[in-house]
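Visitor: Pasting a structure below so you can have a look.
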Amino acid sequence: FDSLCLTKAASIHSSKMSRGGIRFGDLLHFGEFKEKFARMARNKEKRFQEFDFHVDVDAEVERYAEYAKKLENVIIDTVYELNNWAQQGQRILVEGANATMLDIDFGTYPYVTSSNASIGGAVTGLGLAANKIECVIGVVKAYTTRVGAGPFPTELLGEDGERLQKEGHEVGTTTQRARRCGWLDTVVVRYTSMINGFKYLNLTKLDTLSIFDTIKIGFGYTYNVRCPCLLLNRSLYVLPYPTALSIFSNFSIVSPVLITGVNTRSHSRAYKIFISVLCCF
C-alpha cells in the first residue's frame with residue numbers, strides 16, 4: 001500500500017465497486033441507512049478479522065444521525081443541479097484532482113489512484129454529458145513530479161532532485177511525503193493531451209527551475225532492446241507511452257539541453273525559450 005501511495009480513498013472506492021458502499025443521499029433515508037451501515041460493518045469485520053477489526057454499529061449510527069440532522073437541508077441531487085446550470089447557460093468550472101498518469105485506467109497501473117483522474121472523471125463523476133464540455137485546459141508543471149513508487153523516466157536522482165523538491169515545495173497533499181522530481185517529460189504531456197483533448201496548456205512553476213544553470217526537457221525514449229517502433233525525423237527510435245511497466249527497464253530518456261544561464265531569474269526570457277522548445281515536441 002505504501003509503495004502504491006494509496007490513501008483512505010482506496011477503501012472507499014473498493015466499497016463502491018463491490019456494491020456495498022453508502023451514498024451521501026442515504027442520510028435522507030435513515031432507516032435504510034442504518035441497515036446498509038450494519039451490513040457494511042459486518043462485511044468489513046469478516047474481511048479484516050485477522051486484524052481484530054470491530055465496529056461499534058450503534059455508536060456509529062448515533063453519530064451519523066447527528067450528521068443527518070445538520071446536513072439534511074444541504075443535500076441535493078447534484079446531477080440535476082449541474083445540468084440545470086448548464087441548460088441555463090451558466091459557466092461551470094471543473095477542477096481535476098491528481099493527474100492523468102494516476103488515472104485508474106490510463107495511468108501507470110498499478111501505481112495509480114482509485115478513480116478516473118482524466119477527463120472521463122468529469123463525465124462519470126458529475127453526470128455531465130461529454131458534449132457539454134467546451135474547453136479542456138491541461139495544467140502542466142515545467143518539470144515532472146510524482147509521489148510514491150512507479151516509473152519515472154526523467155527523474156532527477158541525488159542532489160539535483162532534492163534541490164528541485166525543496167525549491168518547489170513538492171510534498172504530497174495527502175500523504176505529506178516528499179515528491180520525486182525530474183525534468184519535464186513531453187512524452188507524458190503528449191500522451192495526456194491525446195487522452196484529454198487539451199485545448200490549452202497552463203504551464204506552471206517555471207521560476208522554480210531558476211536554481212539550475214542548465215535545464216533539460218525529455219522529448220523521447222530510446223529502447224535498449226529490439227521492438228517495433230516509430231522513427232522520428234531526429235533519428236531517434238521511440239514508442240508511444242508504454243502500457244507494460246516492464247518496458248521501462250529497457251528505456252533511455254532523450255533529454256536535450258534547453259537553455260543555460262537560467263539562474264539569472266530572468267523569468268520572461270526563460271519562459272519564452274522554454275515554450276518555443278516545448279512547442280517543437
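We label chains A, B, ... in the order they appear in the C-alpha cells, count residues from 1 in each chain, and number ligands from 1 in the order shown.
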Using DSSP on the backbone, list every residue of stretch 15-175 of chain A that comes out as strand (DSSP E or B), and give them as a list in words.

Guide: Ile137, Gly138, Val139, Val140, Lys141, Tyr143, Thr144, Thr145, Arg146, Glu155 and Val171 of chain A

Visitor: Within 7 Å of A:Leu201, counting only C-alpha atoms, which residues qualify if same-chain residues fewer than 2 places away don't, as a list in words?

Guide: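 Contacts, in chain order: Ile137, Gly138, Val139, Val140, Phe198 and Leu203 of chain A.
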
Visitor: Applying 9 Å and only C-alpha atoms, which residues near stretch 69-78 of chain A remain after dropping the ones on its own chain fewer than 6 positions away? List them as an mmCIF file with N, CA, C and O atoms, in the first residue's frame.

Guide:
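The new file result09.cif reads:
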data_model
loop_
_atom_site.group_PDB
_atom_site.id
_atom_site.type_symbol
_atom_site.label_atom_id
_atom_site.label_comp_id
_atom_site.auth_asym_id
_atom_site.auth_seq_id
_atom_site.Cartn_x
_atom_site.Cartn_y
_atom_site.Cartn_z
ATOM 1 N N PHE A 24 -24.090 9.571 0.030
ATOM 2 C CA PHE A 24 -24.439 10.729 0.840
ATOM 3 C C PHE A 24 -25.960 10.846 0.994
ATOM 4 O O PHE A 24 -26.492 11.128 2.071
ATOM 5 N N GLY A 25 -26.678 10.608 -0.081
ATOM 6 C CA GLY A 25 -28.133 10.735 -0.066
ATOM 7 C C GLY A 25 -28.824 9.748 0.838
ATOM 8 O O GLY A 25 -29.997 9.947 1.204
ATOM 9 N N LEU A 27 -28.356 9.373 3.838
ATOM 10 C CA LEU A 27 -28.623 10.020 5.119
ATOM 11 C C LEU A 27 -30.042 10.563 5.195
ATOM 12 O O LEU A 27 -30.598 10.740 6.280
ATOM 13 N N LEU A 28 -30.649 10.834 4.026
ATOM 14 C CA LEU A 28 -32.013 11.347 3.991
ATOM 15 C C LEU A 28 -33.045 10.244 4.225
ATOM 16 O O LEU A 28 -34.225 10.529 4.448
ATOM 17 N N LEU A 126 -19.703 13.614 -12.415
ATOM 18 C CA LEU A 126 -20.652 14.712 -12.249
ATOM 19 C C LEU A 126 -21.973 14.483 -12.968
ATOM 20 O O LEU A 126 -22.965 15.149 -12.669
ATOM 21 N N GLY A 127 -21.989 13.558 -13.929
ATOM 22 C CA GLY A 127 -23.223 13.335 -14.675
ATOM 23 C C GLY A 127 -23.457 14.364 -15.752
ATOM 24 O O GLY A 127 -24.584 14.563 -16.209
#

Visitor: Given only C-alpha atoms as the basis, pick out the residue of A:Gly168, A:Gly197, A:Gly218, A:Pro242 nearest to A:Ala130.

Guide: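 With only C-alpha atoms as the atom set, the closest residue is A:Gly197.
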
Visitor: Could you list, as a ChimeraX atom specification, every residue within 9 Å of A:Ala10, counting only C-alpha atoms and ignoring same-chain residues fewer than 6 positions away?

Guide: /A:113-115

Visitor: For those residues, write N, CA, C and O atoms to a file as a PDB file, in the first residue's frame.

Guide:
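Listing of out22.pdb after writing:
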ATOM      1  N   THR A 113      -4.190   6.074  -8.655  1.00  0.00           N
ATOM      2  CA  THR A 113      -5.226   6.292  -7.658  1.00  0.00           C
ATOM      3  C   THR A 113      -6.390   5.353  -7.956  1.00  0.00           C
ATOM      4  O   THR A 113      -6.287   4.479  -8.823  1.00  0.00           O
ATOM      5  N   SER A 114      -7.510   5.524  -7.282  1.00  0.00           N
ATOM      6  CA  SER A 114      -8.603   4.557  -7.378  1.00  0.00           C
ATOM      7  C   SER A 114      -9.756   5.031  -8.252  1.00  0.00           C
ATOM      8  O   SER A 114     -10.822   4.419  -8.246  1.00  0.00           O
ATOM      9  N   SER A 115      -9.564   6.104  -8.990  1.00  0.00           N
ATOM     10  CA  SER A 115     -10.649   6.652  -9.796  1.00  0.00           C
ATOM     11  C   SER A 115     -10.095   7.235 -11.086  1.00  0.00           C
ATOM     12  O   SER A 115      -8.889   7.184 -11.338  1.00  0.00           O
TER      13      SER A 115
END

Visitor: Report the distance between atom CA of A:Glu32 and atom CA of A:Met17 in Å, rounded to one decimal place.

Guide: 19.5 Å

Visitor: What separation in Å, quoted to one decimal, exists between atom CA of A:Ala178 and atom CA of A:Ala149?

Guide: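 If I compute the distance from atom CA of A:Ala178 to atom CA of A:Ala149, I get 11.9 Å.
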
Visitor: Set the distance at 8 Å and use only C-alpha atoms: which residues neighbour A:Arg146 once local chain neighbours fewer than 2 positions away are removed? I'd like the list as a PyMOL selection string.

Guide: chain A and resi 144+148+152+179-181

Visitor: Save out the residues we just selected, C-alpha atoms, as a JSON list (two decimals), in the first residue's frame.

Guide:
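The file below, out13.json, is the result:
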[["chain", "number", "residue", "atom", "x", "y", "z"],
["A", 144, "THR", "CA", 7.68, 16.39, -13.62],
["A", 148, "GLY", "CA", 5.43, 7.02, -4.28],
["A", 152, "PHE", "CA", 9.66, 7.97, -13.82],
["A", 179, "ARG", "CA", 7.59, 14.13, -4.19],
["A", 180, "ARG", "CA", 10.09, 12.67, -6.61],
["A", 181, "CYS", "CA", 11.15, 15.34, -9.11]]

Visitor: Identify which of the residues A:Ala99, A:Leu206, A:Leu156, A:Leu128 lies closest to A:Val188, counting only C-alpha atoms when measuring atom-to-atom distances.

Guide: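 Comparing A:Ala99, A:Leu206, A:Leu156, A:Leu128 against A:Val188, the winner is A:Ala99.
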
Visitor: Please measure the separation of atom CA of A:Ala68 and atom CA of A:Ala38, giving the value in Å to one decimal.

Guide: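 Between these atoms lies a distance of 16.6 Å.
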
Visitor: What's around A:Ala97 at 10 Å? Count only C-alpha atoms, leave out sequence neighbours fewer than 5 positions away in its own chain, and write the answer as JSON, numbers by chain.

Guide: {"A": [102, 103, 115, 116, 117, 118, 121]}

Visitor: Using only C-alpha atoms, find the one residue out of A:Thr208, A:Asn83, A:Thr192, A:Thr243 that sits nearest to A:Pro151.

Guide: A:Thr243

Visitor: So, counting only C-alpha atoms, which residue among A:Thr214, A:Thr173, A:Thr100, A:Thr154 is closest to A:Asn196?

Guide: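 Once distances to A:Asn196 are computed over only C-alpha atoms, the minimum belongs to A:Thr100.
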
Visitor: Extract, using only C-alpha atoms, all DNA, RNA and protein residues at most 12 Å from A:Glu35, discarding same-chain residues fewer than 3 positions from it, and format them as a VMD selection string.

Guide: chain A and resid 20 to 22 26 to 27 29 to 32 38 to 42 57 to 58 61

Visitor: Go ahead and dump the residues you just picked, N, CA, C and O atoms, as a compact mmCIF listing (two decimals), in the first residue's frame.

Guide:
# COMPACT_ATOMS: atom_id res chain seq x y z
N GLY A 20 -21.20 -2.29 -2.08
CA GLY A 20 -21.51 -2.31 -0.65
C GLY A 20 -21.35 -0.96 0.02
O GLY A 20 -21.40 -0.86 1.24
N GLY A 21 -21.14 0.09 -0.79
CA GLY A 21 -20.90 1.40 -0.23
C GLY A 21 -22.17 2.13 0.17
O GLY A 21 -23.29 1.69 -0.12
N ILE A 22 -22.00 3.24 0.86
CA ILE A 22 -23.11 4.08 1.29
C ILE A 22 -22.97 5.44 0.63
O ILE A 22 -21.88 6.02 0.60
N ASP A 26 -28.13 8.68 1.21
CA ASP A 26 -28.73 7.69 2.11
C ASP A 26 -29.03 8.28 3.49
O ASP A 26 -29.86 7.74 4.23
N LEU A 27 -28.36 9.37 3.84
CA LEU A 27 -28.62 10.02 5.12
C LEU A 27 -30.04 10.56 5.19
O LEU A 27 -30.60 10.74 6.28
N HIS A 29 -32.61 9.00 4.15
CA HIS A 29 -33.49 7.85 4.38
C HIS A 29 -32.84 7.01 5.47
O HIS A 29 -32.26 5.95 5.20
N PHE A 30 -32.92 7.51 6.69
CA PHE A 30 -32.05 6.99 7.74
C PHE A 30 -32.36 5.56 8.15
O PHE A 30 -31.48 4.84 8.62
N GLY A 31 -33.62 5.13 7.97
CA GLY A 31 -33.93 3.73 8.27
C GLY A 31 -33.13 2.79 7.38
O GLY A 31 -32.54 1.81 7.86
N GLU A 32 -33.08 3.10 6.09
CA GLU A 32 -32.29 2.30 5.16
C GLU A 32 -30.80 2.45 5.43
O GLU A 32 -30.03 1.50 5.28
N ALA A 38 -24.99 -1.29 8.98
CA ALA A 38 -24.78 -2.52 9.74
C ALA A 38 -24.27 -3.65 8.83
O ALA A 38 -23.37 -4.40 9.20
N ARG A 39 -24.84 -3.74 7.63
CA ARG A 39 -24.41 -4.77 6.69
C ARG A 39 -22.96 -4.55 6.26
O ARG A 39 -22.17 -5.49 6.17
N MET A 40 -22.62 -3.28 5.98
CA MET A 40 -21.25 -2.97 5.59
C MET A 40 -20.27 -3.26 6.71
O MET A 40 -19.17 -3.79 6.49
N ALA A 41 -20.65 -2.93 7.95
CA ALA A 41 -19.77 -3.18 9.10
C ALA A 41 -19.51 -4.66 9.27
O ALA A 41 -18.37 -5.08 9.53
N ARG A 42 -20.55 -5.47 9.12
CA ARG A 42 -20.36 -6.93 9.25
C ARG A 42 -19.42 -7.44 8.16
O ARG A 42 -18.57 -8.30 8.41
N VAL A 57 -21.47 -0.53 15.91
CA VAL A 57 -22.50 -0.08 14.98
C VAL A 57 -23.44 0.93 15.62
O VAL A 57 -23.76 1.97 15.03
N ASP A 58 -23.90 0.65 16.82
CA ASP A 58 -24.86 1.55 17.48
C ASP A 58 -24.26 2.94 17.69
O ASP A 58 -24.93 3.96 17.44
N VAL A 61 -23.90 4.70 14.22
CA VAL A 61 -25.20 5.10 13.69
C VAL A 61 -25.71 6.34 14.42
O VAL A 61 -26.26 7.27 13.81
